[in-house]
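Undergrad: Data: structure_4.cif, mmCIF, N, CA and C atoms.
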data_structure
loop_
_atom_site.label_atom_id
_atom_site.label_comp_id
_atom_site.auth_asym_id
_atom_site.auth_seq_id
_atom_site.Cartn_x
_atom_site.Cartn_y
_atom_site.Cartn_z
N MET A 468 245.03 134.67 -141.99
CA MET A 468 243.76 134.41 -141.37
C MET A 468 243.48 132.90 -141.37
N THR A 469 243.86 132.21 -142.43
CA THR A 469 243.62 130.76 -142.51
C THR A 469 244.30 130.03 -141.36
N LYS A 470 245.55 130.38 -141.08
CA LYS A 470 246.28 129.73 -140.00
C LYS A 470 245.57 129.93 -138.66
N ALA A 471 245.13 131.15 -138.41
CA ALA A 471 244.45 131.45 -137.14
C ALA A 471 243.13 130.69 -137.02
N LEU A 472 242.37 130.64 -138.10
CA LEU A 472 241.11 129.90 -138.07
C LEU A 472 241.33 128.43 -137.81
N LYS A 473 242.31 127.83 -138.48
CA LYS A 473 242.56 126.40 -138.32
C LYS A 473 243.16 126.08 -136.95
N GLU A 474 243.90 127.02 -136.35
CA GLU A 474 244.40 126.82 -134.99
C GLU A 474 243.25 126.76 -133.99
N ARG A 475 242.24 127.58 -134.22
CA ARG A 475 241.08 127.60 -133.32
C ARG A 475 240.15 126.42 -133.56
N SER A 476 240.04 126.00 -134.81
CA SER A 476 239.16 124.89 -135.14
C SER A 476 239.72 124.15 -136.37
N PRO A 477 240.40 123.04 -136.15
CA PRO A 477 240.97 122.29 -137.27
C PRO A 477 239.92 121.79 -138.28
N ALA A 478 238.65 121.79 -137.90
CA ALA A 478 237.60 121.33 -138.82
C ALA A 478 237.23 122.39 -139.86
N VAL A 479 237.72 123.61 -139.67
CA VAL A 479 237.44 124.69 -140.63
C VAL A 479 238.15 124.38 -141.95
N HIS A 480 237.45 124.58 -143.05
CA HIS A 480 238.04 124.40 -144.37
C HIS A 480 238.24 125.77 -145.00
N CYS A 481 239.39 125.97 -145.62
CA CYS A 481 239.71 127.25 -146.26
C CYS A 481 240.12 127.00 -147.70
N TYR A 482 239.63 127.85 -148.60
CA TYR A 482 239.84 127.67 -150.03
C TYR A 482 240.45 128.91 -150.66
N VAL A 483 241.22 128.69 -151.70
CA VAL A 483 241.73 129.77 -152.53
C VAL A 483 240.80 129.89 -153.72
N VAL A 484 240.33 131.11 -153.99
CA VAL A 484 239.46 131.36 -155.14
C VAL A 484 240.31 132.05 -156.21
N GLU A 485 240.33 131.46 -157.40
CA GLU A 485 241.10 132.00 -158.50
C GLU A 485 240.23 132.10 -159.76
N PRO A 486 240.61 132.99 -160.66
CA PRO A 486 239.87 133.08 -161.92
C PRO A 486 240.07 131.82 -162.77
N ALA A 487 239.00 131.37 -163.41
CA ALA A 487 239.12 130.25 -164.35
C ALA A 487 240.10 130.67 -165.45
N GLY A 488 241.02 129.81 -165.75
CA GLY A 488 242.02 130.10 -166.77
C GLY A 488 243.26 130.80 -166.22
N ALA A 489 243.25 131.11 -164.93
CA ALA A 489 244.42 131.75 -164.30
C ALA A 489 244.63 131.19 -162.90
N ALA A 490 244.45 129.88 -162.77
CA ALA A 490 244.55 129.22 -161.47
C ALA A 490 245.97 128.70 -161.23
N ALA A 491 246.93 129.61 -161.22
CA ALA A 491 248.34 129.23 -161.06
C ALA A 491 248.62 128.66 -159.67
N ALA A 492 247.98 129.21 -158.64
CA ALA A 492 248.20 128.70 -157.28
C ALA A 492 247.75 127.25 -157.16
N ALA A 493 246.74 126.87 -157.96
CA ALA A 493 246.25 125.49 -157.97
C ALA A 493 247.14 124.59 -158.81
N GLY A 494 248.16 125.17 -159.44
CA GLY A 494 249.09 124.38 -160.25
C GLY A 494 248.65 124.20 -161.69
N GLU A 495 247.65 124.95 -162.11
CA GLU A 495 247.16 124.84 -163.49
C GLU A 495 247.90 125.80 -164.41
N THR A 496 247.94 125.47 -165.68
CA THR A 496 248.55 126.34 -166.68
C THR A 496 247.67 127.56 -166.88
N VAL A 497 248.28 128.73 -166.91
CA VAL A 497 247.53 129.97 -167.09
C VAL A 497 247.25 130.16 -168.58
N SER A 498 245.98 130.11 -168.92
CA SER A 498 245.56 130.30 -170.32
C SER A 498 244.76 131.58 -170.50
N ARG A 499 244.39 132.22 -169.39
CA ARG A 499 243.56 133.42 -169.46
C ARG A 499 244.08 134.50 -168.51
N PRO A 500 245.28 135.04 -168.78
CA PRO A 500 245.82 136.06 -167.88
C PRO A 500 245.06 137.38 -167.97
N ASP A 501 244.20 137.53 -168.97
CA ASP A 501 243.44 138.77 -169.16
C ASP A 501 242.07 138.74 -168.50
N HIS A 502 241.87 137.87 -167.52
CA HIS A 502 240.58 137.77 -166.82
C HIS A 502 240.24 139.11 -166.16
N PRO A 503 238.96 139.36 -165.90
CA PRO A 503 238.57 140.64 -165.31
C PRO A 503 238.62 140.71 -163.79
N ILE A 504 238.95 139.62 -163.12
CA ILE A 504 238.88 139.58 -161.66
C ILE A 504 240.15 140.21 -161.08
N GLN A 505 240.12 141.52 -160.94
CA GLN A 505 241.26 142.24 -160.39
C GLN A 505 241.43 141.87 -158.93
N GLY A 506 242.66 141.66 -158.53
CA GLY A 506 242.92 141.26 -157.15
C GLY A 506 242.84 139.76 -156.95
N GLY A 507 242.52 139.03 -157.98
CA GLY A 507 242.46 137.58 -157.90
C GLY A 507 243.21 136.97 -159.05
N GLY A 508 243.89 135.90 -158.81
CA GLY A 508 244.60 135.22 -159.89
C GLY A 508 245.79 136.02 -160.36
N TYR A 509 246.83 136.00 -159.57
CA TYR A 509 248.04 136.73 -159.92
C TYR A 509 248.82 136.04 -161.03
N ALA A 510 248.34 134.89 -161.46
CA ALA A 510 248.98 134.11 -162.52
C ALA A 510 250.41 133.73 -162.15
N MET A 511 250.64 133.56 -160.86
CA MET A 511 251.94 133.15 -160.37
C MET A 511 251.72 132.00 -159.38
N ALA A 512 252.41 130.91 -159.58
CA ALA A 512 252.22 129.74 -158.71
C ALA A 512 252.89 129.91 -157.35
N ASP A 513 253.95 130.69 -157.27
CA ASP A 513 254.73 130.81 -156.05
C ASP A 513 254.51 132.17 -155.40
N LEU A 514 253.40 132.32 -154.69
CA LEU A 514 253.09 133.57 -154.02
C LEU A 514 253.51 133.47 -152.55
N ALA A 515 254.30 134.44 -152.10
CA ALA A 515 254.84 134.40 -150.75
C ALA A 515 253.75 134.34 -149.69
N PHE A 516 252.65 135.07 -149.90
CA PHE A 516 251.61 135.10 -148.86
C PHE A 516 250.84 133.78 -148.75
N LEU A 517 251.02 132.86 -149.70
CA LEU A 517 250.38 131.54 -149.60
C LEU A 517 251.34 130.47 -149.09
N LYS A 518 252.59 130.83 -148.88
CA LYS A 518 253.59 129.86 -148.41
C LYS A 518 253.21 129.38 -147.01
N ASP A 519 253.17 128.09 -146.86
CA ASP A 519 252.86 127.43 -145.58
C ASP A 519 251.45 127.70 -145.07
N VAL A 520 250.55 128.16 -145.92
CA VAL A 520 249.16 128.36 -145.53
C VAL A 520 248.41 127.06 -145.78
N PRO A 521 247.74 126.53 -144.77
CA PRO A 521 247.00 125.28 -144.95
C PRO A 521 245.72 125.49 -145.75
N VAL A 522 245.75 125.12 -147.01
CA VAL A 522 244.62 125.31 -147.92
C VAL A 522 243.94 123.96 -148.15
N ASP A 523 242.63 123.95 -148.12
CA ASP A 523 241.88 122.71 -148.32
C ASP A 523 241.46 122.48 -149.76
N GLY A 524 241.57 123.50 -150.59
CA GLY A 524 241.20 123.32 -151.98
C GLY A 524 241.26 124.63 -152.73
N TYR A 525 241.07 124.52 -154.03
CA TYR A 525 241.11 125.65 -154.93
C TYR A 525 239.83 125.66 -155.75
N LEU A 526 239.23 126.82 -155.87
CA LEU A 526 238.00 126.96 -156.63
C LEU A 526 238.23 128.01 -157.72
N GLN A 527 237.76 127.72 -158.92
CA GLN A 527 237.89 128.66 -160.02
C GLN A 527 236.53 129.23 -160.38
N VAL A 528 236.52 130.54 -160.66
CA VAL A 528 235.30 131.26 -161.01
C VAL A 528 235.57 132.03 -162.30
N THR A 529 234.62 132.00 -163.21
CA THR A 529 234.79 132.75 -164.45
C THR A 529 234.52 134.23 -164.21
N GLY A 530 234.99 135.04 -165.12
CA GLY A 530 234.72 136.47 -165.06
C GLY A 530 233.24 136.76 -165.11
N ASP A 531 232.52 136.02 -165.95
CA ASP A 531 231.07 136.22 -166.05
C ASP A 531 230.37 135.88 -164.74
N GLU A 532 230.80 134.78 -164.08
CA GLU A 532 230.21 134.41 -162.78
C GLU A 532 230.47 135.50 -161.74
N ALA A 533 231.69 136.00 -161.71
CA ALA A 533 232.05 137.05 -160.75
C ALA A 533 231.25 138.31 -161.01
N ARG A 534 231.14 138.70 -162.27
CA ARG A 534 230.40 139.90 -162.65
C ARG A 534 228.93 139.79 -162.24
N GLU A 535 228.30 138.68 -162.59
CA GLU A 535 226.88 138.50 -162.28
C GLU A 535 226.64 138.44 -160.77
N THR A 536 227.50 137.75 -160.04
CA THR A 536 227.33 137.64 -158.60
C THR A 536 227.56 138.98 -157.92
N THR A 537 228.51 139.77 -158.41
CA THR A 537 228.75 141.10 -157.87
C THR A 537 227.51 141.97 -158.03
N ARG A 538 226.90 141.90 -159.20
CA ARG A 538 225.68 142.68 -159.45
C ARG A 538 224.52 142.22 -158.57
N LEU A 539 224.41 140.92 -158.35
CA LEU A 539 223.37 140.39 -157.47
C LEU A 539 223.59 140.82 -156.02
N LEU A 540 224.85 140.86 -155.60
CA LEU A 540 225.16 141.33 -154.25
C LEU A 540 224.68 142.76 -154.05
N ALA A 541 224.90 143.59 -155.05
CA ALA A 541 224.47 144.99 -154.96
C ALA A 541 222.95 145.09 -154.97
N ARG A 542 222.33 144.37 -155.88
CA ARG A 542 220.88 144.48 -156.06
C ARG A 542 220.09 143.93 -154.87
N PHE A 543 220.50 142.77 -154.36
CA PHE A 543 219.68 142.11 -153.34
C PHE A 543 220.21 142.23 -151.91
N GLU A 544 221.50 142.48 -151.75
CA GLU A 544 222.07 142.55 -150.40
C GLU A 544 222.59 143.93 -150.05
N GLY A 545 222.64 144.85 -151.03
CA GLY A 545 223.15 146.18 -150.76
C GLY A 545 224.65 146.22 -150.54
N ILE A 546 225.35 145.21 -151.04
CA ILE A 546 226.81 145.13 -150.90
C ILE A 546 227.42 145.58 -152.22
N PHE A 547 228.12 146.70 -152.19
CA PHE A 547 228.72 147.29 -153.38
C PHE A 547 230.18 146.85 -153.44
N GLY A 548 230.41 145.67 -153.99
CA GLY A 548 231.74 145.10 -154.05
C GLY A 548 232.34 145.15 -155.43
N GLY A 549 233.54 144.62 -155.53
CA GLY A 549 234.24 144.53 -156.79
C GLY A 549 234.21 143.12 -157.35
N PHE A 550 235.00 142.91 -158.40
CA PHE A 550 235.04 141.60 -159.06
C PHE A 550 235.42 140.47 -158.10
N SER A 551 236.42 140.70 -157.26
CA SER A 551 236.87 139.62 -156.38
C SER A 551 235.82 139.29 -155.33
N ALA A 552 235.05 140.28 -154.89
CA ALA A 552 233.95 140.01 -153.96
C ALA A 552 232.94 139.07 -154.62
N GLY A 553 232.59 139.37 -155.86
CA GLY A 553 231.66 138.51 -156.59
C GLY A 553 232.23 137.12 -156.80
N ALA A 554 233.52 137.03 -157.09
CA ALA A 554 234.16 135.73 -157.28
C ALA A 554 234.12 134.92 -155.98
N ASN A 555 234.41 135.56 -154.86
CA ASN A 555 234.41 134.86 -153.58
C ASN A 555 233.01 134.37 -153.22
N VAL A 556 232.00 135.19 -153.44
CA VAL A 556 230.63 134.77 -153.12
C VAL A 556 230.17 133.69 -154.09
N ALA A 557 230.52 133.79 -155.36
CA ALA A 557 230.15 132.74 -156.33
C ALA A 557 230.76 131.40 -155.91
N ALA A 558 232.00 131.42 -155.46
CA ALA A 558 232.64 130.18 -155.00
C ALA A 558 231.95 129.65 -153.75
N ALA A 559 231.58 130.53 -152.84
CA ALA A 559 230.88 130.11 -151.62
C ALA A 559 229.53 129.50 -151.94
N LEU A 560 228.82 130.11 -152.88
CA LEU A 560 227.53 129.55 -153.29
C LEU A 560 227.69 128.17 -153.90
N ARG A 561 228.76 127.98 -154.64
CA ARG A 561 229.03 126.67 -155.23
C ARG A 561 229.29 125.64 -154.13
N LEU A 562 230.04 126.04 -153.10
CA LEU A 562 230.29 125.13 -151.97
C LEU A 562 228.98 124.76 -151.28
N LEU A 563 228.14 125.75 -151.05
CA LEU A 563 226.85 125.50 -150.40
C LEU A 563 225.95 124.60 -151.24
N ALA A 564 225.99 124.78 -152.55
CA ALA A 564 225.15 123.96 -153.43
C ALA A 564 225.64 122.52 -153.47
N GLY A 565 226.93 122.32 -153.22
CA GLY A 565 227.50 120.97 -153.25
C GLY A 565 227.14 120.20 -152.00
N THR A 566 227.99 120.28 -151.01
CA THR A 566 227.77 119.54 -149.76
C THR A 566 227.56 120.48 -148.59
N GLY A 567 227.11 121.69 -148.86
CA GLY A 567 227.02 122.70 -147.82
C GLY A 567 225.74 122.76 -147.04
N ALA A 568 224.81 121.86 -147.27
CA ALA A 568 223.55 121.91 -146.52
C ALA A 568 223.84 121.83 -145.03
N GLY A 569 223.34 122.81 -144.29
CA GLY A 569 223.54 122.84 -142.86
C GLY A 569 224.90 123.36 -142.42
N LYS A 570 225.70 123.81 -143.36
CA LYS A 570 227.04 124.32 -143.06
C LYS A 570 227.03 125.85 -143.03
N THR A 571 228.07 126.41 -142.47
CA THR A 571 228.27 127.85 -142.47
C THR A 571 229.45 128.16 -143.37
N VAL A 572 229.28 129.13 -144.25
CA VAL A 572 230.35 129.54 -145.14
C VAL A 572 230.58 131.03 -144.92
N ALA A 573 231.82 131.40 -144.64
CA ALA A 573 232.19 132.81 -144.47
C ALA A 573 232.94 133.26 -145.71
N VAL A 574 232.72 134.51 -146.09
CA VAL A 574 233.31 135.07 -147.30
C VAL A 574 233.92 136.42 -146.98
N ILE A 575 235.03 136.71 -147.61
CA ILE A 575 235.65 138.03 -147.47
C ILE A 575 235.25 138.89 -148.66
N ILE A 576 234.70 140.07 -148.36
CA ILE A 576 234.41 141.07 -149.39
C ILE A 576 235.62 142.00 -149.38
N CYS A 577 236.42 141.90 -150.42
CA CYS A 577 237.75 142.51 -150.42
C CYS A 577 237.77 144.02 -150.60
N ASP A 578 236.83 144.58 -151.32
CA ASP A 578 236.85 146.02 -151.55
C ASP A 578 235.48 146.50 -152.00
N SER A 579 235.37 147.80 -152.18
CA SER A 579 234.11 148.36 -152.67
C SER A 579 234.12 148.36 -154.19
N GLY A 580 232.99 148.66 -154.78
CA GLY A 580 232.89 148.70 -156.23
C GLY A 580 233.28 150.04 -156.84
N LEU A 581 233.71 150.99 -156.02
CA LEU A 581 234.00 152.33 -156.54
C LEU A 581 235.02 152.35 -157.67
N LYS A 582 236.11 151.62 -157.52
CA LYS A 582 237.14 151.70 -158.56
C LYS A 582 236.77 150.93 -159.83
N TYR A 583 235.61 150.31 -159.83
CA TYR A 583 235.17 149.56 -161.00
C TYR A 583 234.05 150.26 -161.77
N LEU A 584 233.72 151.47 -161.37
CA LEU A 584 232.62 152.20 -162.04
C LEU A 584 232.89 152.43 -163.51
N SER A 585 234.13 152.51 -163.91
CA SER A 585 234.45 152.75 -165.33
C SER A 585 234.67 151.45 -166.11
N THR A 586 234.40 150.31 -165.47
CA THR A 586 234.58 149.02 -166.15
C THR A 586 233.22 148.46 -166.57
N ASP A 587 233.25 147.31 -167.22
CA ASP A 587 232.01 146.67 -167.62
C ASP A 587 231.27 146.02 -166.45
N LEU A 588 231.84 146.08 -165.26
CA LEU A 588 231.14 145.54 -164.10
C LEU A 588 229.85 146.30 -163.85
N TRP A 589 229.90 147.60 -163.97
CA TRP A 589 228.73 148.43 -163.71
C TRP A 589 228.22 149.14 -164.96
N GLY A 590 228.91 148.96 -166.08
CA GLY A 590 228.52 149.66 -167.31
C GLY A 590 227.45 149.00 -168.12
#
Starting from the file, lay out its structure as structure tokens.
TA:
Amino acid sequence: MTKALKERSPAVHCYVVEPAGAAAAAGETVSRPDHPIQGGGYAMADLAFLKDVPVDGYLQVTGDEARETTRLLARFEGIFGGFSAGANVAAALRLLAGTGAGKTVAVIICDSGLKYLSTDLWG
């Protein structure tokens, strides 16, 4: 998707969101492979699906940030997502708080929260 977006508009910026402590794609040492953000942070620096993808930066989100943002999405927006959805929105909010005034930020909600009902995300 990043390649297609940048082909249509080179001004588009695309970021990889990884768990804090497991940002292997960003080239950092993995110190927290037990993070709760399932589907994010494969703890592997060489992922085939990221090969030759034009990335503008890497953002790290803690498990607590992802958990809290996921719960806020459900409570205020009616979006029943999982940990990675919360991580992606938390990263987007951080971008908006930085230099995002007047900008548009798009976020992918990767899955529903159904498979997380037995975790501490909803417990």
Undergrad: Using only N, CA and C atoms, which residue out of A:Pro503, A:Tyr482, A:Trp589, A:Phe547 lies closest to A:Thr469?
TA: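 Residue with the minimum atom-to-atom distance to A:Thr469: A:Tyr482.
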Undergrad: When DSSP is applied to the backbone of this structure, which of stretch 501-564 of chain A are assigned helix (DSSP H, G or I)? Write them out as a PyMOL selection string.
TA: chain A and resi 515-517+530-544+550-564
Undergrad: With distances taken over all atoms listed in the file, which residue among A:Gly553, A:Ala478, A:Thr586, A:Gln505 lies nearest A:Leu540?
TA: A:Gly553
Undergrad: So how far away is atom CA of A:Ile576 from atom CA of A:Gly548, in Å?
TA: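 Separating atom CA of A:Gly548 from atom CA of A:Ile576 is a distance of 6.7 Å.
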Undergrad: Go ahead and compute the interatomic distance for atom CA of A:Tyr583 and atom CA of A:Ile504, in Å to one decimal.
TA: 10.7 Å
